[in-house]
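Visitor: Just so it is clear, I am handing over target18.cif, which has mmCIF, C-alpha atoms.
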```
data_data
loop_
_atom_site.label_atom_id
_atom_site.label_comp_id
_atom_site.auth_asym_id
_atom_site.auth_seq_id
_atom_site.Cartn_x
_atom_site.Cartn_y
_atom_site.Cartn_z
CA MET A 23 -23.74 -6.41 0.73
CA ARG A 24 -23.67 -6.89 -3.03
CA ASP A 25 -24.42 -3.22 -3.72
CA LYS A 26 -21.21 -2.27 -1.88
CA ARG A 27 -18.88 -4.28 -4.09
CA VAL A 28 -15.50 -2.63 -4.66
CA LEU A 29 -13.29 -5.42 -6.03
CA ILE A 30 -13.00 -5.39 -9.82
CA GLY A 31 -13.28 -9.17 -9.92
CA ASP A 32 -16.67 -9.11 -8.19
CA TYR A 33 -18.33 -7.46 -11.20
CA THR A 34 -19.46 -9.14 -14.40
CA ARG A 35 -18.04 -7.71 -17.61
CA LYS A 36 -21.48 -6.23 -18.38
CA GLU A 37 -21.69 -4.48 -15.02
CA PHE A 38 -18.15 -3.15 -15.30
CA ARG A 39 -18.66 -1.94 -18.89
CA GLU A 40 -21.89 -0.14 -18.01
CA ARG A 41 -20.45 1.57 -14.94
CA VAL A 42 -17.48 2.83 -16.93
CA ALA A 43 -19.77 4.05 -19.73
CA ASP A 44 -22.13 5.95 -17.44
CA GLY A 45 -19.27 7.50 -15.43
CA THR A 46 -19.93 5.64 -12.20
CA PHE A 47 -16.37 4.32 -11.95
CA GLN A 48 -14.02 7.27 -11.65
CA ALA A 49 -10.86 5.74 -10.17
CA ALA A 50 -9.12 2.48 -9.36
CA ILE A 51 -6.68 1.45 -6.65
CA VAL A 52 -3.88 -1.05 -7.35
CA PRO A 53 -2.48 -2.25 -3.99
CA THR A 54 1.15 -3.40 -3.96
CA ALA A 55 2.70 -5.18 -1.02
CA ALA A 56 4.84 -8.15 0.00
CA THR A 57 4.99 -11.59 1.58
CA GLU A 58 8.01 -11.55 3.84
CA GLN A 59 9.24 -12.02 7.39
CA HIS A 60 7.84 -9.63 9.97
CA LEU A 61 9.99 -10.55 12.96
CA GLU A 62 8.83 -13.39 15.16
CA HIS A 63 5.36 -12.07 16.01
CA LEU A 64 3.65 -10.81 12.83
CA GLU A 65 2.55 -13.06 9.99
CA MET A 66 4.35 -12.73 6.69
CA THR A 67 1.23 -11.47 4.95
CA HIS A 68 1.17 -8.29 7.05
CA ASP A 69 2.04 -5.80 4.30
CA THR A 70 -0.48 -7.40 1.96
CA ALA A 71 -3.23 -7.55 4.58
CA SER A 72 -2.71 -3.96 5.77
CA CYS A 73 -2.47 -2.37 2.33
CA THR A 74 -5.49 -4.31 1.09
CA LEU A 75 -7.50 -3.21 4.11
CA VAL A 76 -6.74 0.46 3.48
CA ALA A 77 -7.57 0.14 -0.22
CA LEU A 78 -10.90 -1.57 0.46
CA GLU A 79 -11.91 0.89 3.18
CA VAL A 80 -11.12 3.85 0.92
CA ALA A 81 -13.13 2.34 -1.93
CA ARG A 82 -16.06 1.67 0.40
CA ALA A 83 -15.91 5.23 1.71
CA LEU A 84 -16.02 6.58 -1.87
CA HIS A 85 -18.41 3.94 -3.24
CA PRO A 86 -19.42 3.62 -6.04
CA GLN A 87 -16.72 5.77 -7.65
CA VAL A 88 -13.70 3.62 -6.79
CA VAL A 89 -12.80 0.00 -7.52
CA VAL A 90 -9.85 -2.08 -6.34
CA SER A 91 -7.69 -4.52 -8.30
CA PRO A 92 -6.28 -7.71 -6.78
CA THR A 93 -3.35 -6.94 -4.51
CA VAL A 94 0.17 -7.59 -5.82
CA ALA A 95 1.11 -9.75 -2.84
CA VAL A 96 4.79 -10.45 -3.64
CA GLY A 97 7.12 -7.49 -4.03
CA VAL A 98 10.79 -6.55 -3.88
CA SER A 99 12.05 -8.35 -0.78
CA GLU A 100 15.50 -9.67 -1.67
CA HIS A 101 16.80 -8.12 1.54
CA HIS A 102 14.67 -10.53 3.58
CA LEU A 103 15.55 -13.78 1.83
CA ALA A 104 17.84 -14.81 4.67
CA HIS A 105 14.62 -15.46 6.61
CA LYS A 106 13.00 -18.59 5.25
CA GLY A 107 9.46 -18.15 3.97
CA SER A 108 10.01 -14.67 2.56
CA LEU A 109 9.18 -14.32 -1.12
CA THR A 110 10.61 -11.88 -3.67
CA VAL A 111 10.50 -10.97 -7.34
CA ARG A 112 13.08 -9.12 -9.39
CA VAL A 113 12.56 -5.37 -9.72
CA GLY A 114 11.98 -5.39 -13.48
CA ILE A 115 9.41 -8.18 -13.28
CA PHE A 116 7.62 -6.47 -10.40
CA LEU A 117 7.42 -3.14 -12.24
CA GLU A 118 6.19 -4.64 -15.48
CA TYR A 119 3.56 -6.68 -13.65
CA VAL A 120 2.24 -3.56 -11.89
CA PHE A 121 2.41 -1.64 -15.18
CA ASP A 122 0.35 -4.28 -16.98
CA ILE A 123 -2.37 -4.13 -14.31
CA CYS A 124 -2.51 -0.33 -14.61
CA ASP A 125 -2.51 -0.55 -18.39
CA SER A 126 -5.38 -3.04 -18.34
CA ILE A 127 -7.42 -0.75 -16.10
CA SER A 128 -6.69 2.25 -18.31
CA ARG A 129 -7.64 0.35 -21.46
CA GLY A 130 -10.83 -0.67 -19.67
CA GLY A 131 -11.81 2.97 -19.40
CA ILE A 132 -10.73 4.09 -15.91
CA LYS A 133 -8.19 6.87 -16.21
CA ASN A 134 -7.45 7.70 -12.55
CA ILE A 135 -5.28 5.00 -11.00
CA LEU A 136 -3.65 5.07 -7.57
CA ILE A 137 -0.87 2.57 -6.97
CA LEU A 138 -1.24 2.19 -3.21
CA ASN A 139 1.86 0.66 -1.67
CA GLY A 140 2.26 -1.09 1.65
CA HIS A 141 5.88 -2.30 1.56
CA GLY A 142 9.08 -0.30 1.97
CA GLY A 143 11.02 -2.43 -0.49
CA ASN A 144 8.73 -1.36 -3.33
CA MET A 145 9.08 2.36 -2.71
CA HIS A 146 12.20 3.23 -4.65
CA CYS A 147 11.37 1.48 -7.90
CA LEU A 148 7.70 2.53 -7.98
CA SER A 149 8.47 6.16 -7.23
CA GLN A 150 10.90 6.23 -10.15
CA GLU A 151 8.44 4.74 -12.64
CA GLN A 152 5.14 6.56 -12.23
CA VAL A 153 5.94 9.13 -14.92
CA ARG A 154 6.74 6.36 -17.39
CA PHE A 155 3.52 4.60 -16.44
CA ARG A 156 1.54 7.79 -17.17
CA GLN A 157 3.25 8.35 -20.49
CA HIS A 158 2.66 4.82 -21.76
CA THR A 159 -0.92 4.40 -20.53
CA GLY A 160 -2.29 7.91 -20.97
CA ALA A 161 -3.79 7.59 -17.51
CA ASN A 162 -3.51 9.80 -14.44
CA ILE A 163 -1.37 7.40 -12.39
CA VAL A 164 -0.18 8.36 -8.92
CA TYR A 165 1.97 6.26 -6.60
CA ALA A 166 1.85 6.57 -2.82
CA SER A 167 2.47 4.37 0.20
CA TYR A 168 -0.44 4.60 2.61
CA TRP A 169 1.78 6.16 5.29
CA ASP A 170 2.72 9.01 2.94
CA VAL A 171 -0.56 10.71 3.88
CA PHE A 172 0.48 11.11 7.53
CA THR A 173 1.68 14.52 8.69
CA GLU A 174 4.69 14.88 10.96
CA GLU A 175 2.39 15.87 13.80
CA GLU A 176 0.26 12.76 13.33
CA ALA A 177 3.20 10.37 13.04
CA PHE A 178 5.30 11.74 15.89
CA GLY A 179 2.29 12.43 18.09
CA LEU A 180 1.00 8.88 17.72
CA MET A 181 4.16 6.76 17.85
CA GLU A 182 6.22 6.76 21.05
CA SER A 183 9.17 5.44 19.06
CA ARG A 184 8.83 8.38 16.64
CA SER A 185 9.14 5.82 13.86
CA LEU A 186 6.71 5.09 11.02
CA PRO A 187 6.27 2.76 9.19
CA GLY A 188 9.20 0.73 10.54
CA HIS A 189 9.22 -3.03 10.08
CA ALA A 190 7.02 -5.05 12.44
CA ASN A 191 7.65 -2.37 15.05
CA GLU A 192 5.25 -0.10 16.95
CA PHE A 193 3.31 1.15 13.90
CA GLU A 194 2.78 -2.15 12.09
CA THR A 195 2.13 -4.04 15.32
CA SER A 196 -0.48 -1.45 16.32
CA PHE A 197 -2.10 -1.69 12.88
CA ALA A 198 -2.30 -5.48 13.19
CA LEU A 199 -3.68 -5.36 16.73
CA ALA A 200 -6.50 -3.12 15.52
CA ALA A 201 -7.23 -4.73 12.16
CA PHE A 202 -6.46 -8.42 12.53
CA PRO A 203 -5.36 -9.28 16.10
CA GLU A 204 -5.39 -12.98 15.25
CA ARG A 205 -2.29 -12.30 13.12
CA VAL A 206 -0.31 -11.01 16.12
CA HIS A 207 1.59 -13.79 17.93
CA SER A 208 2.22 -11.88 21.14
CA GLU A 209 3.85 -14.84 22.85
CA ASP A 210 6.70 -14.64 20.33
CA MET A 211 7.16 -10.86 20.46
CA ASP A 212 10.80 -10.17 21.29
CA ASP A 213 11.20 -6.64 19.93
CA GLU A 214 10.99 -3.79 22.45
CA ASN A 215 9.81 -1.29 19.84
CA ALA A 216 7.00 -3.63 18.79
CA LYS A 217 5.89 -3.93 22.42
CA LEU A 218 4.90 -0.24 22.26
CA GLY A 219 2.12 -1.17 19.86
CA THR A 220 -1.50 -0.88 21.02
CA THR A 221 -4.93 -1.41 19.52
CA GLU A 222 -5.79 2.24 20.10
CA LYS A 223 -2.76 3.46 18.14
CA GLY A 224 -3.68 1.08 15.36
CA GLU A 225 -7.26 2.28 15.16
CA LYS A 226 -6.09 5.88 14.93
CA SER A 227 -3.47 4.98 12.31
CA ILE A 228 -6.04 3.24 10.13
CA GLU A 229 -8.39 6.22 10.46
CA ILE A 230 -5.65 8.63 9.36
CA ALA A 231 -4.59 6.41 6.46
CA VAL A 232 -8.12 5.88 5.12
CA ARG A 233 -8.98 9.56 5.41
CA GLY A 234 -5.74 10.67 3.76
CA VAL A 235 -5.86 8.19 0.89
CA SER A 236 -9.55 9.01 0.30
CA ASN A 237 -8.61 12.67 -0.02
CA LEU A 238 -5.87 11.73 -2.47
CA ILE A 239 -8.32 9.82 -4.67
CA GLU A 240 -10.85 12.65 -4.54
CA ARG A 241 -8.20 15.06 -5.77
CA MET A 242 -7.38 12.74 -8.65
CA ILE A 243 -11.05 12.45 -9.62
CA ALA A 244 -11.21 16.26 -9.57
CA GLY A 245 -8.45 16.36 -12.20
CA GLU A 246 -5.30 16.71 -10.12
CA THR A 247 -2.11 14.68 -10.23
CA PRO A 248 -1.04 15.16 -6.61
CA PRO A 249 2.74 15.23 -6.16
CA ILE A 250 3.56 12.64 -3.51
CA GLU A 251 7.10 12.32 -2.16
CA PRO A 252 7.83 8.91 -0.67
CA HIS A 253 8.93 9.35 2.91
CA SER A 254 9.23 7.80 6.32
CA PHE A 255 9.33 9.12 9.85
CA ARG A 256 12.39 8.49 12.02
CA PRO A 257 13.43 9.62 15.50
CA ASP A 258 15.85 12.12 13.96
CA GLY A 259 13.24 13.56 11.61
CA VAL A 260 11.34 12.88 8.39
CA LYS A 261 13.27 11.10 5.66
CA ILE A 262 12.14 12.18 2.22
CA GLY A 263 12.62 10.15 -0.93
CA GLY A 264 12.39 6.56 -2.09
CA HIS A 265 16.19 6.34 -2.03
CA HIS A 266 15.95 5.86 1.73
CA PHE A 267 14.35 2.50 0.95
CA PRO A 268 16.51 1.19 -1.91
CA TYR A 269 16.38 -2.49 -0.93
CA GLN A 270 17.66 -3.47 -4.35
CA ALA A 271 20.28 -5.98 -3.29
CA PRO A 272 21.65 -8.32 -5.95
CA ARG A 273 19.77 -11.54 -6.42
CA ILE A 274 21.08 -14.25 -4.10
CA GLU A 275 22.69 -17.07 -6.05
CA THR A 276 22.57 -20.53 -4.52
#
```
Translate this file's structure into structure tokens.

Guide:
Amino acid sequence: MRDKRVLIGDYTRKEFRERVADGTFQAAIVPTAATEQHLEHLEMTHDTASCTLVALEVARALHPQVVVSPTVAVGVSEHHLAHKGSLTVRVGIFLEYVFDICDSISRGGIKNILILNGHGGNMHCLSQEQVRFRQHTGANIVYASYWDVFTEEEAFGLMESRSLPGHANEFETSFALAAFPERVHSEDMDDENAKLGTTEKGEKSIEIAVRGVSNLIERMIAGETPPIEPHSFRPDGVKIGGHHFPYQAPRIET
């Protein structure tokens, strides 16, 4: 329905200007993701599709306060270039591209901006730059991957592998089965961890992610700058910090 629009590009300049002026638009989401190999059974757009879905669902839940920018669909994926079809950009280019989107939104009048990430390779560089982004834009910019909103109890209680997000494993396969099953090529699934994925786990994961990210946005609108530590969940416990996902290998020269 047209009155449930959440994508920035779906508004005219007049509509956008008026909604900023009257205080309707309170926050924006900038999704960042990747186009890269996801084993044999998930399509290479998985990170982009999943992160975009969460961003859109959050914006719809908080409509009309939240709008969503186009997703940055190619991220830092040098570590996957051995698998043909994967795409990557250099860290500096990626960061400046994301910065320019945030700066444009800030200059357009929206001062609460969530960079919502859906790719492990982007974690380290984005987590290091959010303070600089705030300083140079004057906006309340927060960075978080959508799995950062999970609690230990939710992650370990939901995933038999006790791993989240993983890479095309139980969590991402479950997400895909629930959100876009046509993107799961089950006949090519050769990973035992991925075979633990179910539609039910995916539905619950999406519910937790949308609820948690919505709460994060609401806190930002209320004037907070929530401190989010990038983390992942592993069988031996929670790993805190973007440095667990450096993925900043030198550029491959051919």

Visitor: Within 7 Å of range 233-253 of chain A, which residues of range 35-118 of chain A show up? Give each one with its shortest atom-to-atom distance in Å (one decimal) and the two atoms involved, counting only C-alpha atoms, rows by chain then rising residue number, as a Markdown table.

Guide:
```
| residue | atom | partner | partner_atom | distance |
| --- | --- | --- | --- | --- |
| A:Gln48 | CA | A:Ile243 | CA | 6.3 |
| A:Ala49 | CA | A:Ile243 | CA | 6.7 |
| A:Val80 | CA | A:Ser236 | CA | 5.4 |
```

Visitor: Restrict the selected residues to C-alpha atoms and save them as a CSV table (one decimal), in the coordinates of the input.

Guide:
```csv
chain,number,residue,atom,x,y,z
A,48,GLN,CA,-14.0,7.3,-11.6
A,49,ALA,CA,-10.9,5.7,-10.2
A,80,VAL,CA,-11.1,3.8,0.9
```

Visitor: Go ahead and compute the interatomic distance for CA of Ala50 in chain A and CA of Asp32 in chain A, in Å to one decimal.

Guide: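 CA of Asp32 in chain A lies 13.9 Å from CA of Ala50 in chain A.
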
Visitor: Starting from the shown file, work through the PyMOL selection byres ((chain A and resi 128-143) around 8) and note down what comes out as a VMD selection string.

Guide: chain A and resid 39 42 47 to 56 69 to 70 72 to 73 77 97 to 99 124 to 127 144 to 146 159 to 168 239 242 to 243 267 to 270

Visitor: Rounded to one decimal, what separation in Å do you get between CA of Leu78 in chain A and CA of His101 in chain A?

Guide: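 These two atoms are separated by 28.5 Å.
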
Visitor: Compare A:Ser227, A:Ala95, A:Leu61, A:Val76 by their minimum atom-to-atom distance to Leu109 in chain A, counting all atoms listed in the file, and give me the closest one.

Guide: A:Ala95

Visitor: Starting from the PyMOL selection byres ((chain A and resi 198) around 12), expand the selection into actual residues of this file and give them as a PyMOL selection string.

Guide: chain A and resi 60+63-73+75+190-197+199-208+216+219-225+227-228

Visitor: Point out the residue among A:Glu118, A:Glu58, A:Glu229, A:Glu79 with the least atom-to-atom distance to Ala104 in chain A, counting all atoms listed in the file.

Guide: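 Looking at the shortest contact to Ala104 in chain A, the residue is A:Glu58.
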
Visitor: Check which residues satisfy the PyMOL selection byres ((chain A and resi 91) around 7) in the file shown, then give them as number ranges by chain.

Guide: A: 29-30, 51-52, 89-90, 92-93

Visitor: Provide the CA of Val153 in chain A to CA of Val94 in chain A distance in Å, to one decimal place.

Guide: 19.9 Å

Visitor: Which residue, A:Glu174, A:Lys36, A:Gly45, A:Val96, has the smallest gap to Ile115 in chain A when you use all atoms listed in the file?

Guide: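 Nearest to Ile115 in chain A: A:Val96.
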
Visitor: Starting from the point (8.6, -13.0, 1.7), work out which residues of protein, DNA or RNA have an atom no more than 6 Å away when counting all atoms listed in the file; state them as a tab-separated table (two decimals) with C-alpha atoms, in the coordinates of the input.

Guide:
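Dumped to point.tsv:
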```tsv
chain	number	residue	atom	x	y	z
A	57	THR	CA	4.99	-11.59	1.58
A	58	GLU	CA	8.01	-11.55	3.84
A	59	GLN	CA	9.24	-12.02	7.39
A	107	GLY	CA	9.46	-18.15	3.97
A	108	SER	CA	10.01	-14.67	2.56
A	109	LEU	CA	9.18	-14.32	-1.12
A	110	THR	CA	10.61	-11.88	-3.67
```

Visitor: Let me know the centre plus edge lengths, in Å and rounded to one decimal, of a box with edges along x, y and z that contains all listed atoms of range 230-235 of chain A and is padded by 4 Å on every side, as lines of an AutoDock Vina configuration file.

Guide:
```
center_x = -6.8
center_y = 8.3
center_z = 5.1
size_x = 12.4
size_y = 12.8
size_z = 16.5
```
